[in-house]
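Shown here: protein10.cif, mmCIF, C-alpha atoms.
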data_model
#
loop_
_atom_site.group_PDB
_atom_site.id
_atom_site.type_symbol
_atom_site.label_atom_id
_atom_site.label_comp_id
_atom_site.auth_asym_id
_atom_site.auth_seq_id
_atom_site.Cartn_x
_atom_site.Cartn_y
_atom_site.Cartn_z
ATOM 1 C CA MET A 1 17.798 -16.380 -39.267
ATOM 2 C CA ASN A 2 16.110 -18.090 -36.374
ATOM 3 C CA THR A 3 18.113 -17.295 -33.188
ATOM 4 C CA SER A 4 15.574 -18.483 -30.641
ATOM 5 C CA ILE A 5 17.608 -21.623 -29.988
ATOM 6 C CA GLU A 6 21.096 -20.080 -29.989
ATOM 7 C CA PHE A 7 20.301 -17.103 -27.752
ATOM 8 C CA SER A 8 18.121 -16.419 -24.725
ATOM 9 C CA GLY A 9 17.340 -13.255 -22.792
ATOM 10 C CA LEU A 10 17.536 -12.513 -19.111
ATOM 11 C CA THR A 11 13.866 -13.240 -18.477
ATOM 12 C CA GLN A 12 14.151 -16.594 -20.225
ATOM 13 C CA TRP A 13 17.243 -17.416 -18.155
ATOM 14 C CA LEU A 14 15.381 -16.578 -14.931
ATOM 15 C CA ALA A 15 12.362 -18.575 -16.045
ATOM 16 C CA ASP A 16 14.580 -21.578 -16.802
ATOM 17 C CA LYS A 17 16.336 -21.282 -13.432
ATOM 18 C CA ILE A 18 13.097 -21.016 -11.478
ATOM 19 C CA GLY A 19 11.300 -23.551 -13.629
ATOM 20 C CA LEU A 20 8.322 -21.363 -14.559
ATOM 21 C CA PRO A 21 7.049 -20.048 -17.906
ATOM 22 C CA GLN A 22 7.753 -16.409 -18.695
ATOM 23 C CA PRO A 23 4.083 -15.279 -18.473
ATOM 24 C CA VAL A 24 3.780 -16.833 -15.017
ATOM 25 C CA LEU A 25 7.057 -15.183 -13.979
ATOM 26 C CA PHE A 26 5.807 -11.768 -15.178
ATOM 27 C CA ALA A 27 2.496 -12.244 -13.345
ATOM 28 C CA LEU A 28 4.270 -13.204 -10.110
ATOM 29 C CA THR A 29 6.580 -10.193 -10.413
ATOM 30 C CA ILE A 30 3.706 -7.751 -10.913
ATOM 31 C CA GLY A 31 1.730 -9.401 -8.111
ATOM 32 C CA SER A 32 4.716 -9.137 -5.779
ATOM 33 C CA LEU A 33 5.135 -5.438 -6.573
ATOM 34 C CA LEU A 34 1.448 -4.757 -5.963
ATOM 35 C CA GLY A 35 1.609 -6.698 -2.701
ATOM 36 C CA TRP A 36 4.622 -4.679 -1.583
ATOM 37 C CA VAL A 37 2.847 -1.406 -2.423
ATOM 38 C CA CYS A 38 -0.236 -2.482 -0.464
ATOM 39 C CA TRP A 39 1.912 -3.494 2.496
ATOM 40 C CA ARG A 40 3.842 -0.224 2.482
ATOM 41 C CA THR A 41 0.722 1.935 2.170
ATOM 42 C CA ARG A 42 -1.324 -0.274 4.546
ATOM 43 C CA SER A 43 -4.147 -0.044 2.038
ATOM 44 C CA THR A 44 -5.470 -1.553 -1.184
ATOM 45 C CA HIS A 45 -6.448 1.925 -2.418
ATOM 46 C CA VAL A 46 -3.869 1.880 -5.212
ATOM 47 C CA VAL A 47 -5.157 -1.422 -6.622
ATOM 48 C CA ILE A 48 -8.788 -0.364 -6.366
ATOM 49 C CA THR A 49 -8.011 2.973 -8.051
ATOM 50 C CA ARG A 50 -6.274 1.244 -10.962
ATOM 51 C CA ILE A 51 -9.205 -1.158 -11.395
ATOM 52 C CA TRP A 52 -11.613 1.794 -11.449
ATOM 53 C CA ARG A 53 -9.567 3.627 -14.082
ATOM 54 C CA LEU A 54 -9.247 0.443 -16.136
ATOM 55 C CA ILE A 55 -13.015 -0.006 -16.241
ATOM 56 C CA PHE A 56 -14.379 3.554 -16.164
ATOM 57 C CA GLY A 57 -11.358 5.613 -17.239
ATOM 58 C CA LYS A 58 -10.317 8.946 -15.744
ATOM 59 C CA THR A 59 -13.833 10.225 -15.328
ATOM 60 C CA ALA A 60 -14.330 13.168 -13.003
ATOM 61 C CA MET A 61 -16.436 12.686 -9.916
ATOM 62 C CA ALA A 62 -19.826 14.331 -10.210
ATOM 63 C CA ASP A 63 -20.168 14.724 -6.452
ATOM 64 C CA ARG A 64 -17.779 17.270 -4.963
ATOM 65 C CA GLU A 65 -17.607 15.682 -1.510
ATOM 66 C CA ILE A 66 -16.849 12.225 -2.895
ATOM 67 C CA GLY A 67 -14.189 13.693 -5.155
ATOM 68 C CA LYS A 68 -12.611 15.459 -2.189
ATOM 69 C CA PHE A 69 -12.688 12.205 -0.213
ATOM 70 C CA ILE A 70 -10.858 10.346 -2.979
ATOM 71 C CA GLU A 71 -8.311 13.156 -3.332
ATOM 72 C CA ASN A 72 -7.604 13.132 0.413
ATOM 73 C CA ARG A 73 -7.281 9.367 0.281
ATOM 74 C CA ASN A 74 -4.783 9.689 -2.550
ATOM 75 C CA ARG A 75 -2.731 12.171 -0.513
ATOM 76 C CA LEU A 76 -2.768 9.925 2.561
ATOM 77 C CA VAL A 77 -1.709 6.826 0.630
ATOM 78 C CA THR A 78 0.978 8.823 -1.173
ATOM 79 C CA PHE A 79 2.410 10.037 2.130
ATOM 80 C CA ARG A 80 2.408 6.501 3.520
ATOM 81 C CA PHE A 81 4.200 5.168 0.452
ATOM 82 C CA PHE A 82 6.951 7.782 0.257
ATOM 83 C CA SER A 83 7.499 8.150 4.013
ATOM 84 C CA GLY A 84 6.906 4.563 5.062
ATOM 85 C CA MET A 85 5.041 5.802 8.164
ATOM 86 C CA PRO A 86 1.676 4.146 8.923
ATOM 87 C CA VAL A 87 -0.164 7.367 9.744
ATOM 88 C CA ARG A 88 -3.859 7.003 10.448
ATOM 89 C CA THR A 89 -5.258 10.168 8.855
ATOM 90 C CA LEU A 90 -4.182 12.944 6.503
ATOM 91 C CA ALA A 91 -4.325 15.487 9.330
ATOM 92 C CA GLN A 92 -1.912 13.312 11.307
ATOM 93 C CA ALA A 93 0.475 13.245 8.355
ATOM 94 C CA LYS A 94 0.384 17.058 8.123
ATOM 95 C CA ARG A 95 1.084 17.392 11.851
ATOM 96 C CA ILE A 96 4.163 15.182 11.441
ATOM 97 C CA LEU A 97 5.314 17.292 8.504
ATOM 98 C CA ARG A 98 4.960 20.449 10.593
ATOM 99 C CA TRP A 99 6.826 18.809 13.488
ATOM 100 C CA SER A 100 9.695 17.863 11.167
ATOM 101 C CA ALA A 101 9.803 21.410 9.780
ATOM 102 C CA VAL A 102 9.784 23.041 13.228
ATOM 103 C CA HIS A 103 12.558 20.787 14.568
ATOM 104 C CA ASP A 104 14.485 20.601 11.269
ATOM 105 C CA GLU A 105 14.319 16.788 11.152
ATOM 106 C CA GLU A 106 14.163 14.441 8.191
ATOM 107 C CA ILE A 107 11.050 12.286 7.789
ATOM 108 C CA ALA A 108 13.233 9.231 7.216
ATOM 109 C CA ASP A 109 14.937 9.771 10.586
ATOM 110 C CA ILE A 110 11.559 10.095 12.299
ATOM 111 C CA ARG A 111 10.402 6.864 10.672
ATOM 112 C CA ALA A 112 13.615 5.131 11.797
ATOM 113 C CA CYS A 113 12.631 5.818 15.427
ATOM 114 C CA GLY A 114 9.835 3.271 15.116
ATOM 115 C CA ASP A 115 7.654 3.046 18.230
ATOM 116 C CA LEU A 116 9.839 5.610 19.990
ATOM 117 C CA PHE A 117 8.000 8.310 18.037
ATOM 118 C CA ASP A 118 4.328 8.637 18.942
ATOM 119 C CA LEU A 119 2.393 9.225 15.727
ATOM 120 C CA GLU A 120 -0.835 10.043 17.549
ATOM 121 C CA ALA A 121 0.666 12.608 19.928
ATOM 122 C CA CYS A 122 3.250 13.720 17.349
ATOM 123 C CA ARG A 123 6.166 13.684 19.786
ATOM 124 C CA LEU A 124 9.325 11.783 20.603
ATOM 125 C CA ARG A 125 8.852 9.313 23.459
ATOM 126 C CA GLU A 126 11.930 10.408 25.353
ATOM 127 C CA GLU A 127 10.979 8.388 28.424
ATOM 128 C CA ARG A 128 11.286 5.140 26.422
ATOM 129 C CA ILE A 129 14.628 5.832 24.729
ATOM 130 C CA PRO A 130 17.076 3.131 25.883
ATOM 131 C CA GLY A 131 20.133 4.176 27.870
ATOM 132 C CA ARG A 132 23.739 3.330 27.148
ATOM 133 C CA PRO A 133 23.838 0.123 29.268
ATOM 134 C CA LEU A 134 20.773 -1.260 27.487
ATOM 135 C CA GLN A 135 22.255 -0.427 24.095
ATOM 136 C CA VAL A 136 25.496 -2.216 25.017
ATOM 137 C CA PHE A 137 23.437 -5.243 26.030
ATOM 138 C CA GLN A 138 21.583 -5.085 22.695
ATOM 139 C CA VAL A 139 24.896 -5.070 20.829
ATOM 140 C CA LEU A 140 26.134 -8.090 22.787
ATOM 141 C CA LEU A 141 22.850 -9.911 22.226
ATOM 142 C CA LEU A 142 22.956 -9.059 18.528
ATOM 143 C CA GLY A 143 26.497 -10.420 18.275
ATOM 144 C CA GLY A 144 25.494 -13.638 20.034
ATOM 145 C CA LEU A 145 22.495 -14.135 17.759
ATOM 146 C CA ALA A 146 24.631 -13.405 14.687
ATOM 147 C CA GLY A 147 27.210 -15.982 15.792
ATOM 148 C CA ALA A 148 24.523 -18.594 16.421
ATOM 149 C CA THR A 149 22.998 -17.848 13.008
ATOM 150 C CA ILE A 150 26.359 -18.282 11.284
ATOM 151 C CA LEU A 151 26.909 -21.600 13.060
ATOM 152 C CA THR A 152 23.440 -22.721 12.012
ATOM 153 C CA GLY A 153 24.167 -21.827 8.389
ATOM 154 C CA TYR A 154 27.456 -23.700 8.592
ATOM 155 C CA GLY A 155 25.635 -26.727 9.983
ATOM 156 C CA LEU A 156 23.198 -26.667 7.056
ATOM 157 C CA ARG A 157 26.100 -26.974 4.629
ATOM 158 C CA MET A 158 27.766 -29.874 6.418
ATOM 159 C CA ASP A 159 27.411 -33.365 4.995
ATOM 160 C CA GLN A 160 28.483 -35.082 8.221
ATOM 161 C CA ALA A 161 26.179 -36.711 10.740
ATOM 162 C CA LEU A 162 26.460 -35.750 14.409
ATOM 163 C CA LEU A 163 26.311 -39.012 16.376
ATOM 164 C CA GLN A 164 26.915 -40.207 19.917
ATOM 165 C CA PHE A 165 28.397 -43.435 21.245
ATOM 166 C CA LYS A 166 25.867 -45.207 23.448
ATOM 167 C CA GLU A 167 28.347 -46.322 26.124
ATOM 168 C CA SER A 168 30.882 -43.488 26.360
ATOM 169 C CA GLN A 169 28.317 -40.751 25.517
ATOM 170 C CA LYS A 170 30.967 -39.080 23.350
ATOM 171 C CA TRP A 171 29.796 -37.034 20.341
ATOM 172 C CA PHE A 172 31.503 -37.260 16.955
ATOM 173 C CA TRP A 173 31.075 -36.331 13.307
ATOM 174 C CA LEU A 174 30.654 -39.204 10.857
ATOM 175 C CA SER A 175 30.829 -38.958 7.077
ATOM 176 C CA GLU A 176 31.177 -41.632 4.435
ATOM 177 C CA THR A 177 34.978 -41.474 4.648
ATOM 178 C CA THR A 178 36.026 -40.117 8.078
ATOM 179 C CA ALA A 179 35.003 -39.933 11.735
ATOM 180 C CA VAL A 180 36.061 -36.881 13.785
ATOM 181 C CA PRO A 181 35.485 -36.482 17.540
ATOM 182 C CA LEU A 182 33.551 -33.397 18.615
ATOM 183 C CA GLY A 183 35.888 -31.158 20.562
ATOM 184 C CA GLY A 184 38.738 -33.691 20.425
ATOM 185 C CA GLU A 185 41.774 -34.451 18.300
ATOM 186 C CA GLY A 186 42.587 -37.025 15.687
ATOM 187 C CA PHE A 187 40.301 -38.822 13.260
ATOM 188 C CA VAL A 188 39.638 -42.292 11.839
ATOM 189 C CA SER A 189 39.437 -42.762 8.075
ATOM 190 C CA LYS A 190 37.578 -45.414 6.180
ATOM 191 C CA LYS A 191 40.686 -46.280 4.187
ATOM 192 C CA ALA A 192 42.671 -46.988 7.347
ATOM 193 C CA CYS A 193 39.903 -49.218 8.663
ATOM 194 C CA LEU A 194 39.701 -51.222 5.439
ATOM 195 C CA ASP A 195 43.504 -51.543 5.266
ATOM 196 C CA ASP A 196 43.756 -52.427 8.973
ATOM 197 C CA VAL A 197 46.393 -49.722 9.430
ATOM 198 C CA LEU A 198 45.278 -47.818 12.527
ATOM 199 C CA PRO A 199 47.548 -45.434 14.416
ATOM 200 C CA SER A 200 47.421 -45.410 18.202
ATOM 201 C CA PRO A 201 44.543 -43.147 19.210
ATOM 202 C CA ASN A 202 45.185 -39.841 20.933
ATOM 203 C CA PRO A 203 44.227 -39.782 24.659
ATOM 204 C CA THR A 204 41.828 -36.916 24.024
ATOM 205 C CA SER A 205 40.357 -38.575 20.920
ATOM 206 C CA PHE A 206 38.766 -41.943 20.256
ATOM 207 C CA SER A 207 39.434 -44.895 22.502
ATOM 208 C CA ASN A 208 40.281 -48.355 21.158
ATOM 209 C CA ASP A 209 36.704 -49.538 21.578
ATOM 210 C CA GLU A 210 35.371 -46.468 19.812
ATOM 211 C CA VAL A 211 37.794 -46.976 16.925
ATOM 212 C CA GLY A 212 36.551 -50.524 16.580
ATOM 213 C CA ILE A 213 32.929 -49.362 16.492
ATOM 214 C CA VAL A 214 33.709 -46.742 13.847
ATOM 215 C CA CYS A 215 35.585 -49.245 11.682
ATOM 216 C CA LYS A 216 32.723 -51.686 11.977
ATOM 217 C CA ALA A 217 30.385 -48.948 10.737
ATOM 218 C CA PHE A 218 32.678 -48.187 7.790
ATOM 219 C CA ARG A 219 32.628 -51.849 6.762
ATOM 220 C CA ASP A 220 28.834 -51.921 6.826
ATOM 221 C CA SER A 221 27.266 -51.200 3.437
ATOM 222 C CA ASP A 222 24.249 -49.519 5.036
ATOM 223 C CA THR A 223 26.329 -46.801 6.699
ATOM 224 C CA PRO A 224 26.241 -44.278 3.773
ATOM 225 C CA ALA A 225 22.432 -44.400 3.639
ATOM 226 C CA PHE A 226 22.289 -44.032 7.425
ATOM 227 C CA VAL A 227 24.594 -40.985 7.305
ATOM 228 C CA ASP A 228 22.477 -39.362 4.582
ATOM 229 C CA LYS A 229 19.327 -39.933 6.631
ATOM 230 C CA ILE A 230 20.849 -38.358 9.758
ATOM 231 C CA VAL A 231 22.127 -35.379 7.723
ATOM 232 C CA GLU A 232 18.636 -34.766 6.346
ATOM 233 C CA GLN A 233 17.184 -34.895 9.852
ATOM 234 C CA GLN A 234 19.806 -32.415 11.076
ATOM 235 C CA ARG A 235 18.998 -29.986 8.276
ATOM 236 C CA ALA A 236 15.263 -30.333 8.910
ATOM 237 C CA LEU A 237 15.950 -29.380 12.544
ATOM 238 C CA LEU A 238 18.345 -26.542 11.762
ATOM 239 C CA VAL A 239 16.084 -24.789 9.229
ATOM 240 C CA PRO A 240 13.424 -23.629 11.751
ATOM 241 C CA ILE A 241 16.165 -22.835 14.258
ATOM 242 C CA GLY A 242 17.937 -20.676 11.674
ATOM 243 C CA VAL A 243 14.715 -18.882 10.712
ATOM 244 C CA THR A 244 13.966 -18.178 14.388
ATOM 245 C CA LEU A 245 17.476 -16.857 14.988
ATOM 246 C CA LEU A 246 17.225 -14.623 11.919
ATOM 247 C CA TYR A 247 13.897 -13.237 13.116
ATOM 248 C CA TRP A 248 15.174 -12.390 16.607
ATOM 249 C CA MET A 249 18.415 -11.004 15.214
ATOM 250 C CA TRP A 250 16.417 -8.718 12.931
ATOM 251 C CA GLN A 251 14.172 -7.615 15.807
ATOM 252 C CA CYS A 252 17.191 -6.932 18.001
ATOM 253 C CA TRP A 253 18.792 -4.885 15.221
ATOM 254 C CA LEU A 254 15.584 -2.870 14.748
ATOM 255 C CA LEU A 255 15.386 -2.091 18.471
ATOM 256 C CA PHE A 256 19.020 -1.011 18.541
ATOM 257 C CA ARG A 257 18.596 1.096 15.390
ATOM 258 C CA CYS A 258 15.439 2.775 16.694
ATOM 259 C CA GLY A 259 17.233 3.691 19.907
ATOM 260 C CA ILE A 260 20.171 5.196 18.027
ATOM 261 C CA PHE A 261 17.982 7.373 15.783
ATOM 262 C CA ALA A 262 15.732 8.444 18.651
ATOM 263 C CA ARG A 263 18.720 9.415 20.804
ATOM 264 C CA ASN A 264 20.242 11.404 17.940
ATOM 265 C CA ILE A 265 16.987 13.297 17.382
ATOM 266 C CA GLN A 266 16.679 13.930 21.128
ATOM 267 C CA GLN A 267 20.160 15.413 21.216
ATOM 268 C CA ARG A 268 19.530 17.611 18.162
ATOM 269 C CA ILE A 269 16.195 19.048 19.284
ATOM 270 C CA SER A 270 17.532 19.708 22.798
ATOM 271 C CA LYS A 271 20.381 21.870 21.498
ATOM 272 C CA PRO A 272 19.694 25.562 20.904
ATOM 273 C CA LYS A 273 19.941 26.410 17.228
ATOM 274 C CA GLN A 274 20.511 30.154 17.738
ATOM 275 C CA GLY A 275 23.555 32.059 18.914
ATOM 276 C CA PRO A 276 23.759 34.268 22.028
ATOM 277 C CA LYS A 277 22.522 37.335 20.134
ATOM 278 C CA ASP A 278 19.394 35.520 19.044
ATOM 279 C CA LYS A 279 18.302 34.241 22.466
ATOM 280 C CA THR A 280 15.544 36.821 22.704
ATOM 281 C CA ASN A 281 14.266 36.014 19.220
ATOM 282 C CA ALA A 282 14.503 32.285 19.941
ATOM 283 C CA ARG A 283 12.473 32.733 23.125
ATOM 284 C CA ASN A 284 9.820 34.676 21.234
ATOM 285 C CA THR A 285 9.801 32.104 18.437
ATOM 286 C CA LYS A 286 9.435 29.263 20.917
ATOM 287 C CA THR A 287 6.457 30.883 22.586
ATOM 288 C CA SER A 288 4.809 31.745 19.277
ATOM 289 C CA THR A 289 5.285 28.262 17.771
ATOM 290 C CA PRO A 290 2.938 25.776 19.464
ATOM 291 C CA ASP A 291 3.623 22.066 19.651
ATOM 292 C CA CYS A 292 2.135 20.335 16.642
ATOM 293 C CA ALA A 293 0.727 17.628 18.885
ATOM 294 C CA ARG A 294 -1.484 20.222 20.559
ATOM 295 C CA SER A 295 -2.135 22.307 17.478
ATOM 296 C CA PRO A 296 -5.739 22.274 16.240
ATOM 297 C CA LEU A 297 -6.641 20.367 13.154
ATOM 298 C CA PRO A 298 -6.181 22.380 9.957
ATOM 299 C CA THR A 299 -9.236 24.211 8.766
ATOM 300 C CA LYS A 300 -10.756 23.742 5.367
ATOM 301 C CA HIS A 301 -9.185 26.957 4.104
ATOM 302 C CA HIS A 302 -5.794 25.876 5.385
ATOM 303 C CA GLU A 303 -6.100 22.420 3.811
ATOM 304 C CA ASP A 304 -6.932 23.919 0.438
ATOM 305 C CA GLU A 305 -3.778 26.010 0.617
ATOM 306 C CA GLU A 306 -1.556 23.008 1.459
ATOM 307 C CA ALA A 307 0.696 21.659 -1.280
ATOM 308 C CA THR A 308 -1.031 18.632 -2.780
ATOM 309 C CA ILE A 309 0.744 15.435 -3.705
ATOM 310 C CA ALA A 310 -0.402 13.718 -6.851
ATOM 311 C CA ALA A 311 -1.490 10.146 -6.364
#
Could you show the structure in this file as structure tokens?
Amino acid sequence: MNTSIEFSGLTQWLADKIGLPQPVLFALTIGSLLGWVCWRTRSTHVVITRIWRLIFGKTAMADREIGKFIENRNRLVTFRFFSGMPVRTLAQAKRILRWSAVHDEEIADIRACGDLFDLEACRLREERIPGRPLQVFQVLLLGGLAGATILTGYGLRMDQALLQFKESQKWFWLSETTAVPLGGEGFVSKKACLDDVLPSPNPTSFSNDEVGIVCKAFRDSDTPAFVDKIVEQQRALLVPIGVTLLYWMWQCWLLFRCGIFARNIQQRISKPKQGPKDKTNARNTKTSTPDCARSPLPTKHHEDEEATIAA
């Protein structure tokens, strides 16, 4: 029995919703995943490696130095992908791993510090960690940006035009059926204007002249098209404003989040991890464990003994 008409799968439903054929949808999905991998690893090494294997297969490198270069590149890209940290070299990645092991810190927490952790010097930039007053200001700023973003999203959904009377300079919302003053009380409906049944306006709402102007607009057949035009212009203006607010809200959240993680790491690494009986051992351990930022680069013998990560 042919069920291609009666039933459809998830991919077909998505293709119908987006308006693209299934092969194009699959190609866009794969391309998006590859783009995300390249962005996360800051390299096109993964794509180039797959193209090489597709054409030449898994052939071993005849030259030992070139093979070692490719293996080190695989390790570096793998570390970037799983950690999300844009380290420059493989030696830098190993120094960060040693720093995290010495201070008992998670790589994800180090990455969450953002620019507050110096990848080159392999240290926490304690002098740049924001204080409590700055963090309170960031929270207030984030709340203000979030409120403005919500108002912008609400404005995008409105089907009313924001207009202003030329003489009184009063702002009001106008739709195809009602007119509502901005920041005032009361409203004027199209039905009341057509029936000539108008209640006495509120002192804080429309005046008699303004009610007459609104009713004249309701009786005009061109008013609905004019309202639709103004609504489209409002949405065209609010879209870039909303995108800008979202961008700055995201940046403000990232700054606040980086400060929180950096302060937490600062507090943890500043606390002694040994009890009173182990102070002598801790002092000896501290003197015998150099800072990874000043530690020499690993030798060839040491690199060969490191645990490798498969690409």
CA of Leu116 in chain A to CA of Ile129 in chain A: how many Å, to one decimal?
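Calculated distance between CA of Leu116 in chain A and CA of Ile129 in chain A is 6.7 Å.
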Between A:Arg257, A:Lys170, A:Arg75, A:His45, which residue has the minimum interatomic distance to Leu90 in chain A, considering only C-alpha atoms?
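Result for the nearest residue to Leu90 in chain A: A:Arg75.
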Applied to this file, what does the PyMOL selection byres ((chain A and resi 107) around 10) return in terms of residues, put as a VMD selection string?
chain A and resid 82 to 85 96 to 97 99 to 101 104 to 106 108 to 112
Restricting it to C-alpha atoms, dump the selection as a PDB file, keeping the file's coordinate frame.
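Written output follows (result05.pdb):
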ATOM      1  CA  PHE A  82       6.951   7.782   0.257  1.00  0.00           C
ATOM      2  CA  SER A  83       7.499   8.150   4.013  1.00  0.00           C
ATOM      3  CA  GLY A  84       6.906   4.563   5.062  1.00  0.00           C
ATOM      4  CA  MET A  85       5.041   5.802   8.164  1.00  0.00           C
ATOM      5  CA  ILE A  96       4.163  15.182  11.441  1.00  0.00           C
ATOM      6  CA  LEU A  97       5.314  17.292   8.504  1.00  0.00           C
ATOM      7  CA  TRP A  99       6.826  18.809  13.488  1.00  0.00           C
ATOM      8  CA  SER A 100       9.695  17.863  11.167  1.00  0.00           C
ATOM      9  CA  ALA A 101       9.803  21.410   9.780  1.00  0.00           C
ATOM     10  CA  ASP A 104      14.485  20.601  11.269  1.00  0.00           C
ATOM     11  CA  GLU A 105      14.319  16.788  11.152  1.00  0.00           C
ATOM     12  CA  GLU A 106      14.163  14.441   8.191  1.00  0.00           C
ATOM     13  CA  ALA A 108      13.233   9.231   7.216  1.00  0.00           C
ATOM     14  CA  ASP A 109      14.937   9.771  10.586  1.00  0.00           C
ATOM     15  CA  ILE A 110      11.559  10.095  12.299  1.00  0.00           C
ATOM     16  CA  ARG A 111      10.402   6.864  10.672  1.00  0.00           C
ATOM     17  CA  ALA A 112      13.615   5.131  11.797  1.00  0.00           C
TER      18      ALA A 112
END
Interatomic distance, CA of Gly183 in chain A to CA of Met249 in chain A (Å, one decimal):
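CA of Gly183 in chain A sits 27.2 Å away from CA of Met249 in chain A.
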I'd like the neighbourhood of Cys113 in chain A as a list in words, where a residue qualifies if any of its atoms comes within 10 Å (using only C-alpha atoms), though same-chain residues fewer than 3 positions away should be ignored.
Ala108, Asp109, Ile110, Leu116, Phe117, Asp118, Leu124, Arg125, Ile129, Leu254, Leu255, Phe256, Arg257, Cys258, Gly259, Ile260, Phe261, Ala262, Arg263, Asn264 and Ile265 of chain A
Take the PyMOL selection byres ((chain A and resi 42) around 9), run it mentally on this structure, and tell me the resulting residues as a PDB file with C-alpha atoms, in the coordinates of the input.
ATOM      1  CA  VAL A  37       2.847  -1.406  -2.423  1.00  0.00           C
ATOM      2  CA  CYS A  38      -0.236  -2.482  -0.464  1.00  0.00           C
ATOM      3  CA  TRP A  39       1.912  -3.494   2.496  1.00  0.00           C
ATOM      4  CA  ARG A  40       3.842  -0.224   2.482  1.00  0.00           C
ATOM      5  CA  THR A  41       0.722   1.935   2.170  1.00  0.00           C
ATOM      6  CA  SER A  43      -4.147  -0.044   2.038  1.00  0.00           C
ATOM      7  CA  THR A  44      -5.470  -1.553  -1.184  1.00  0.00           C
ATOM      8  CA  HIS A  45      -6.448   1.925  -2.418  1.00  0.00           C
ATOM      9  CA  VAL A  77      -1.709   6.826   0.630  1.00  0.00           C
ATOM     10  CA  ARG A  80       2.408   6.501   3.520  1.00  0.00           C
ATOM     11  CA  PHE A  81       4.200   5.168   0.452  1.00  0.00           C
ATOM     12  CA  PRO A  86       1.676   4.146   8.923  1.00  0.00           C
TER      13      PRO A  86
END
The PyMOL selection byres ((chain A and resi 152) around 10) on the file shown: which residues, as a tab-separated table (two decimals) with C-alpha atoms, keeping the file's coordinate frame?
chain	number	residue	atom	x	y	z
A	146	ALA	CA	24.63	-13.40	14.69
A	147	GLY	CA	27.21	-15.98	15.79
A	148	ALA	CA	24.52	-18.59	16.42
A	149	THR	CA	23.00	-17.85	13.01
A	150	ILE	CA	26.36	-18.28	11.28
A	151	LEU	CA	26.91	-21.60	13.06
A	153	GLY	CA	24.17	-21.83	8.39
A	154	TYR	CA	27.46	-23.70	8.59
A	155	GLY	CA	25.64	-26.73	9.98
A	156	LEU	CA	23.20	-26.67	7.06
A	157	ARG	CA	26.10	-26.97	4.63
A	235	ARG	CA	19.00	-29.99	8.28
A	238	LEU	CA	18.34	-26.54	11.76
A	239	VAL	CA	16.08	-24.79	9.23
A	241	ILE	CA	16.16	-22.84	14.26
A	242	GLY	CA	17.94	-20.68	11.67
A	243	VAL	CA	14.72	-18.88	10.71
A	245	LEU	CA	17.48	-16.86	14.99
Between CA of Val211 in chain A and CA of Cys193 in chain A, distance in Å (one decimal):
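Taking CA of Val211 in chain A as the start and CA of Cys193 in chain A as the end point, the length is 8.8 Å.
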Let me make sure I understand: among A:Phe165, A:Phe69, A:Phe137, A:Phe56, which one has the smallest atom-to-atom distance to Trp253 in chain A if we use all atoms listed in the file?
A:Phe137
